[in-house]
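Text of the file upload_10.cif, holding mmCIF, C-alpha atoms:
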```
data_run
#
loop_
_atom_site.label_atom_id
_atom_site.label_comp_id
_atom_site.auth_asym_id
_atom_site.auth_seq_id
_atom_site.Cartn_x
_atom_site.Cartn_y
_atom_site.Cartn_z
CA MET A 2 3.89 7.19 13.51
CA LYS A 3 4.44 8.54 10.03
CA MET A 4 3.18 7.31 6.69
CA ILE A 5 5.60 7.32 3.79
CA TRP A 6 4.26 7.30 0.24
CA ALA A 7 7.08 6.69 -2.20
CA VAL A 8 6.48 6.91 -5.94
CA ILE A 9 9.37 5.11 -7.59
CA ARG A 10 10.34 3.44 -10.83
CA PRO A 11 8.86 -0.07 -11.13
CA GLU A 12 12.30 -1.43 -11.94
CA SER A 13 13.80 -0.10 -8.72
CA ALA A 14 10.95 -1.34 -6.51
CA GLN A 15 12.51 -4.71 -5.87
CA ARG A 16 15.83 -3.16 -4.91
CA VAL A 17 14.12 -0.81 -2.46
CA ILE A 18 12.07 -3.60 -0.90
CA THR A 19 15.09 -5.84 -0.47
CA ALA A 20 17.05 -3.00 1.13
CA LEU A 21 14.20 -2.18 3.52
CA ASP A 22 13.95 -5.86 4.44
CA ALA A 23 17.61 -5.85 5.37
CA VAL A 24 17.03 -3.23 8.08
CA GLY A 25 13.89 -4.92 9.38
CA ILE A 26 11.20 -2.82 7.74
CA GLY A 27 9.12 -5.64 6.32
CA GLY A 28 5.56 -4.33 6.36
CA MET A 29 4.50 -2.34 3.34
CA THR A 30 1.84 -2.04 0.69
CA ARG A 31 2.50 -1.56 -2.98
CA LEU A 32 0.27 -0.01 -5.61
CA HIS A 33 0.62 0.12 -9.36
CA VAL A 34 0.01 3.70 -10.43
CA THR A 35 0.62 5.85 -13.47
CA GLY A 36 1.54 9.49 -13.53
CA HIS A 37 3.86 12.18 -14.70
CA GLY A 38 5.99 14.83 -13.10
CA LYS A 39 6.71 18.40 -14.07
CA GLU A 40 8.18 17.18 -17.37
CA MET A 41 4.61 16.20 -18.39
CA GLY A 42 5.54 12.71 -19.51
CA ILE A 43 8.05 11.55 -22.04
CA THR A 44 8.36 11.81 -25.81
CA LEU A 45 9.90 8.86 -27.60
CA GLY A 46 10.19 9.53 -31.30
CA ALA A 47 6.82 10.75 -32.50
CA VAL A 48 4.88 9.35 -29.56
CA HIS A 49 4.20 11.30 -26.39
CA TYR A 50 3.49 9.24 -23.27
CA LYS A 51 1.71 11.22 -20.59
CA GLU A 52 1.03 8.39 -18.16
CA ILE A 53 4.17 6.62 -17.11
CA PRO A 54 3.86 3.46 -15.01
CA LYS A 55 5.21 3.85 -11.50
CA GLU A 56 5.21 1.82 -8.35
CA MET A 57 3.91 3.38 -5.15
CA LEU A 58 5.00 2.03 -1.78
CA MET A 59 3.10 2.84 1.39
CA ILE A 60 5.09 2.28 4.55
CA VAL A 61 4.10 3.25 8.07
CA VAL A 62 7.03 3.58 10.45
CA PRO A 63 7.67 4.99 13.93
CA ASP A 64 8.83 8.61 13.96
CA ASN A 65 12.47 7.80 14.60
CA ASP A 66 12.69 5.41 11.63
CA VAL A 67 11.49 7.96 9.08
CA ALA A 68 14.89 9.42 8.23
CA LYS A 69 16.41 5.97 7.86
CA THR A 70 13.60 4.74 5.61
CA VAL A 71 13.70 7.81 3.39
CA MET A 72 17.47 7.50 3.07
CA ILE A 73 17.23 3.87 1.99
CA ILE A 74 14.51 4.58 -0.55
CA ARG A 75 16.51 7.50 -1.94
CA LYS A 76 19.69 5.50 -2.16
CA GLU A 77 18.12 2.52 -3.91
CA ALA A 78 15.65 4.32 -6.16
CA GLN A 79 18.08 6.86 -7.55
CA THR A 80 19.42 6.11 -11.01
CA ASP A 81 22.53 7.94 -12.12
CA LEU A 82 22.84 9.74 -15.37
CA LYS A 83 26.34 9.25 -16.69
CA SER A 84 26.74 12.89 -17.60
CA ALA A 85 25.41 14.14 -14.26
CA PRO A 86 26.09 11.51 -11.60
CA GLU A 87 24.99 13.72 -8.75
CA GLY A 88 21.66 14.82 -10.15
CA GLY A 89 20.26 11.45 -11.12
CA THR A 90 17.82 11.01 -13.99
CA ILE A 91 14.39 12.55 -14.20
CA GLY A 92 11.56 10.22 -13.32
CA ASN A 93 13.17 8.67 -10.28
CA GLY A 94 10.12 9.59 -8.24
CA LYS A 95 9.08 11.40 -5.10
CA ILE A 96 8.70 10.55 -1.43
CA PHE A 97 5.91 12.04 0.65
CA VAL A 98 5.68 11.79 4.43
CA THR A 99 2.38 12.35 6.23
CA TYR A 100 1.08 12.03 9.76
CA VAL A 101 -0.63 8.98 11.15
CA GLU A 102 -2.62 9.70 14.30
CA ASP A 103 -3.62 6.19 15.20
CA THR A 104 -2.90 2.62 14.16
CA PHE A 105 -4.93 -0.53 14.73
CA ALA A 106 -4.03 -4.11 13.94
CA ILE A 107 -7.26 -5.79 12.88
CA ARG A 108 -6.12 -9.21 14.10
CA THR A 109 -5.78 -8.08 17.71
CA ALA A 110 -8.04 -5.01 17.47
CA GLY A 111 -5.30 -3.13 19.25
CA LYS A 112 -2.01 -1.39 18.81
CA PRO A 113 0.59 -3.29 16.83
CA ASP A 114 4.00 -3.74 18.39
CA GLY A 115 5.85 -2.68 15.26
CA THR A 116 4.64 -1.24 11.99
CA MET B 24 -12.15 15.41 9.68
CA LYS B 25 -10.02 12.32 9.42
CA GLN B 26 -9.10 9.74 6.84
CA ILE B 27 -9.23 6.03 7.53
CA ILE B 28 -6.86 3.94 5.46
CA ALA B 29 -7.66 0.28 6.01
CA ILE B 30 -5.86 -2.65 4.44
CA ILE B 31 -7.97 -5.79 4.56
CA ARG B 32 -8.12 -9.28 3.12
CA ASP B 33 -9.25 -9.49 -0.48
CA GLU B 34 -11.97 -12.03 0.28
CA GLN B 35 -13.55 -9.96 3.07
CA ILE B 36 -14.38 -7.02 0.86
CA GLU B 37 -18.06 -7.80 0.26
CA GLU B 38 -18.77 -8.30 3.95
CA THR B 39 -16.99 -5.06 4.71
CA LYS B 40 -19.06 -3.19 2.15
CA VAL B 41 -22.25 -4.47 3.78
CA ALA B 42 -20.99 -3.59 7.27
CA LEU B 43 -20.07 -0.07 6.23
CA GLU B 44 -23.41 0.45 4.54
CA THR B 45 -25.19 -0.74 7.68
CA ILE B 46 -23.56 1.93 9.83
CA GLY B 47 -24.26 4.59 7.25
CA VAL B 48 -20.91 5.09 5.55
CA ARG B 49 -21.61 6.06 1.96
CA GLY B 50 -18.35 7.31 0.54
CA VAL B 51 -15.61 4.72 0.27
CA THR B 52 -12.76 4.30 -2.20
CA PHE B 53 -11.48 0.78 -2.84
CA LEU B 54 -8.05 0.02 -4.25
CA TYR B 55 -6.45 -3.20 -5.34
CA VAL B 56 -3.04 -3.34 -3.69
CA ASN B 57 -0.39 -5.86 -2.80
CA GLY B 58 0.99 -5.91 0.65
CA ARG B 59 2.67 -7.75 3.43
CA GLY B 60 3.30 -7.35 7.11
CA GLN B 61 5.78 -8.59 9.62
CA GLN B 62 5.50 -12.11 8.21
CA LYS B 63 6.72 -10.79 4.85
CA GLY B 64 3.92 -12.46 2.97
CA ARG B 65 4.30 -15.99 4.27
CA VAL B 66 1.02 -17.87 4.16
CA SER B 67 0.21 -20.89 6.27
CA PRO B 68 -0.56 -24.10 4.31
CA ARG B 69 -4.02 -24.23 5.88
CA GLU B 70 -4.86 -20.88 4.41
CA TRP B 71 -3.41 -21.76 1.04
CA GLY B 72 -5.63 -24.78 0.73
CA GLY B 73 -8.79 -23.45 2.27
CA SER B 74 -8.96 -19.98 0.80
CA VAL B 75 -11.49 -19.15 -1.85
CA ASN B 76 -9.29 -16.28 -2.93
CA ARG B 77 -8.65 -16.43 -6.64
CA ASN B 78 -5.41 -14.52 -6.52
CA LEU B 79 -4.00 -16.63 -3.73
CA ARG B 80 -4.76 -19.77 -5.65
CA MET B 81 -3.04 -18.32 -8.70
CA GLN B 82 -0.06 -17.58 -6.55
CA MET B 83 -0.09 -21.11 -5.16
CA GLU B 84 -0.03 -22.59 -8.63
CA SER B 85 2.73 -20.26 -9.72
CA PRO B 86 6.20 -21.83 -9.67
CA ARG B 87 7.47 -18.74 -7.89
CA HIS B 88 5.41 -19.11 -4.75
CA CYS B 89 7.29 -18.89 -1.49
CA GLU B 90 5.93 -21.41 0.95
CA GLU B 91 8.85 -21.75 3.30
CA SER B 92 11.29 -18.93 2.80
CA PRO B 93 10.11 -15.36 2.41
CA ASP B 94 13.13 -14.70 0.24
CA ALA B 95 12.22 -17.35 -2.32
CA GLY B 96 10.37 -14.79 -4.38
CA ILE B 97 13.23 -12.37 -4.60
CA LYS B 98 14.94 -14.07 -7.51
CA MET B 99 11.97 -12.95 -9.56
CA ALA B 100 13.29 -10.55 -12.16
CA GLY B 101 12.34 -9.54 -15.67
CA SER B 102 10.22 -6.74 -16.97
CA PRO B 103 8.42 -4.70 -14.34
CA PHE B 104 5.44 -4.49 -16.66
CA GLN B 105 4.73 -8.20 -16.55
CA LEU B 106 1.67 -9.14 -14.60
CA ASP B 107 3.73 -11.67 -12.69
CA THR B 108 5.56 -9.06 -10.64
CA GLU B 109 2.42 -8.59 -8.58
CA PHE B 110 3.20 -11.80 -6.78
CA ALA B 111 6.92 -11.29 -6.39
CA LEU B 112 8.65 -10.79 -3.07
CA GLY B 113 5.96 -12.42 -0.98
CA PHE B 114 3.39 -9.71 -1.56
CA LEU B 115 -0.19 -10.83 -1.18
CA PRO B 116 -3.22 -9.32 -2.86
CA LYS B 117 -5.06 -7.02 -0.47
CA ARG B 118 -7.73 -4.35 -0.66
CA MET B 119 -7.19 -0.82 0.56
CA LEU B 120 -10.09 1.32 1.72
CA PHE B 121 -10.10 5.10 1.92
CA ILE B 122 -12.84 6.61 4.05
CA VAL B 123 -12.99 10.27 4.99
CA ALA B 124 -15.30 10.98 7.90
CA SER B 125 -15.89 13.49 10.66
CA ASP B 126 -13.99 13.01 13.92
CA GLU B 127 -16.87 11.57 15.94
CA GLU B 128 -17.68 8.85 13.40
CA ILE B 129 -14.14 7.47 13.29
CA SER B 130 -14.29 5.06 16.22
CA ARG B 131 -17.59 3.59 15.01
CA ILE B 132 -16.19 2.93 11.55
CA VAL B 133 -12.97 1.44 12.92
CA GLN B 134 -15.03 -0.84 15.16
CA ALA B 135 -17.13 -2.00 12.22
CA ILE B 136 -14.07 -2.76 10.08
CA VAL B 137 -12.37 -4.63 12.94
CA ASN B 138 -15.49 -6.68 13.72
CA THR B 139 -15.98 -7.68 10.11
CA ASN B 140 -12.38 -8.50 9.27
CA GLN B 141 -11.03 -10.06 12.42
CA THR B 142 -10.16 -13.73 11.94
CA GLY B 143 -7.38 -13.84 14.51
CA ARG B 144 -4.85 -15.07 11.96
CA HIS B 145 -1.90 -13.14 10.62
CA GLY B 146 -2.73 -11.01 7.63
CA ASP B 147 -5.96 -9.47 8.85
CA GLY B 148 -4.64 -6.04 8.01
CA ARG B 149 -4.12 -2.63 9.52
CA ILE B 150 -6.13 0.52 9.98
CA PHE B 151 -4.43 3.90 9.90
CA ILE B 152 -6.07 7.15 10.95
CA CYS B 153 -4.65 10.24 9.28
CA PRO B 154 -5.61 13.90 9.63
CA ILE B 155 -7.33 15.57 6.66
CA ILE B 156 -7.30 19.35 6.47
CA GLY B 157 -9.92 19.89 3.80
CA ALA B 158 -12.52 18.33 1.55
CA ILE B 159 -14.23 19.78 -1.50
CA ARG B 160 -17.16 18.33 -3.41
CA VAL B 161 -16.30 18.66 -7.07
CA ARG B 162 -19.90 18.91 -8.26
CA THR B 163 -20.96 21.86 -6.10
CA GLY B 164 -17.75 23.23 -4.64
CA GLU B 165 -18.99 22.73 -1.06
CA GLN B 166 -16.16 22.60 1.46
CA GLY B 167 -15.36 20.96 4.77
CA ASP B 168 -17.87 18.76 6.58
CA LYS B 169 -20.61 19.79 4.13
CA ALA B 170 -18.69 18.01 1.39
CA LEU B 171 -18.88 14.76 3.33
CA SER B 172 -22.59 14.71 4.14
#
```
Could you render the structure as structure tokens?
Amino acid sequence: MKMIWAVIRPESAQRVITALDAVGIGGMTRLHVTGHGKEMGITLGAVHYKEIPKEMLMIVVPDNDVAKTVMIIRKEAQTDLKSAPEGGTIGNGKIFVTYVEDTFAIRTAGKPDGT
Amino acid sequence: MKQIIAIIRDEQIEETKVALETIGVRGVTFLYVNGRGQQKGRVSPREWGGSVNRNLRMQMESPRHCEESPDAGIKMAGSPFQLDTEFALGFLPKRMLFIVASDEEISRIVQAIVNTNQTGRHGDGRIFICPIIGAIRVRTGEQGDKALS
């Protein structure tokens, strides 16, 4: 099992969730977070915003679904900049994958059959 | 050293706090999250009516609630910064717990969380055990297991 933490734009969260639903990855947890990347926030006019609202999704999937899940999140969360369609726009987010050693479903106190 | 990430029902949080204190777990981080499992956030009518959960009741009174179809919430659109989006897409309010503990304490803590939160109905939550490679106490700079004690 692997745990995927995806920090994405709040406005793309619904697209990502719908796309994950379509391939049968229904279980996930979402967190409202704020943060900034290496650009240290955003300056709009005279105002500098250091904490930008983001949506964090936590998804635990079996090892062989990781690539698929990451691909879907990437595809749906990427916003294209017209001048650089391949690069996307800054602030699209990051995806982190970590290990999960053990999983328990509280309802059955045992191993879940899926995620 | 391992990290326990537990997702539990919102209304069970006080009992869980007591249970964890009883077995001697001091350091816990609580997060407000929204989540769903294989049922995609569907809630049985019995639970809707009987729950004392404030957020669930708010969701029930909201015109966007999805009683039958899990997809009913998907037409929810609008600004992502509206409070309403919390209840979109069949996500239910849950609490997430972070506990970092030494390897031998893990099974005891998991047992305590399971015993406190098990109702036998869908939506009881999940517990994930993840490896942690280091811990540092900010106040003193102590590292490893010393930082946990």
Q: Kindly provide, as JSON, numbers by chain, the residues of chain A having any atom no farther than 8 Å from an atom of chain B, counting all atoms listed in the file.
A: {"A": [11, 12, 15, 19, 27, 28, 29, 30, 31, 32, 33, 99, 100, 101, 102, 103, 104, 105, 106, 107, 108, 109, 110, 116]}
Spatial neighbours of region 52-57 of chain A, 10 Å, only C-alpha atoms, chain gap at least 6 places, as number ranges by chain:
A: 5-14, 30-38, 41-43, 92-96; B: 56, 103-104
TODO: Enter the distance from CA of Leu171 (chain B) to CA of Gly50 (chain B), in Å, rounded to one decimal.
DONE: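 Interatomic distance here is 8.0 Å.
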Can you pull out every residue within 8 Å of Thr90 (chain A), counting all atoms listed in the file, but drop anything in the same chain fewer than 3 positions away, and send it as an mmCIF file with C-alpha atoms, keeping the file's coordinate frame?
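Everything below was put into part_2.cif:
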```cif
data_model
loop_
_atom_site.group_PDB
_atom_site.id
_atom_site.type_symbol
_atom_site.label_atom_id
_atom_site.label_comp_id
_atom_site.auth_asym_id
_atom_site.auth_seq_id
_atom_site.Cartn_x
_atom_site.Cartn_y
_atom_site.Cartn_z
ATOM 1 C CA GLN A 79 18.080 6.860 -7.550
ATOM 2 C CA THR A 80 19.420 6.110 -11.010
ATOM 3 C CA ASP A 81 22.530 7.940 -12.120
ATOM 4 C CA LEU A 82 22.840 9.740 -15.370
ATOM 5 C CA ASN A 93 13.170 8.670 -10.280
#
```
Notebook entry, point to check: Which one is closest to Arg16 (chain A): A:Ala68, A:Ile73, A:Ile91, A:Val98? Count all atoms listed in the file.
Noted result: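 Smallest separation from Arg16 (chain A) among the options: A:Ile73.
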As an exercise, work out the distance from CA of Glu127 (chain B) to CA of Leu43 (chain B) in Å and give it to one decimal place.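 Rounded to one decimal, the two atoms are 15.5 Å apart.
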What is the CA of Val17 (chain A)-CA of Ile74 (chain A) distance in Å, reported with one decimal?
->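 Those two atoms sit 5.7 Å apart.
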Residue list as a tab-separated table (two decimals) with C-alpha atoms, in the frame of the given file for point (-15.9, -1.3, 6.2), cut-off 8 Å, only C-alpha atoms:
```
chain	number	residue	atom	x	y	z
B	36	ILE	CA	-14.38	-7.02	0.86
B	38	GLU	CA	-18.77	-8.30	3.95
B	39	THR	CA	-16.99	-5.06	4.71
B	40	LYS	CA	-19.06	-3.19	2.15
B	41	VAL	CA	-22.25	-4.47	3.78
B	42	ALA	CA	-20.99	-3.59	7.27
B	43	LEU	CA	-20.07	-0.07	6.23
B	44	GLU	CA	-23.41	0.45	4.54
B	120	LEU	CA	-10.09	1.32	1.72
B	132	ILE	CA	-16.19	2.93	11.55
B	133	VAL	CA	-12.97	1.44	12.92
B	135	ALA	CA	-17.13	-2.00	12.22
B	136	ILE	CA	-14.07	-2.76	10.08
B	139	THR	CA	-15.98	-7.68	10.11
```
Hey, what comes out of the PyMOL selection byres ((chain B and resi 52) around 6) on this file? Could you write it as a compact mmCIF listing (two decimals) with C-alpha atoms, keeping the file's coordinate frame?
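Wrote it out as result25.txt, contents follow:
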```txt
# COMPACT_ATOMS: atom_id res chain seq x y z
CA VAL B 51 -15.61 4.72 0.27
CA PHE B 53 -11.48 0.78 -2.84
CA LEU B 120 -10.09 1.32 1.72
CA PHE B 121 -10.10 5.10 1.92
```
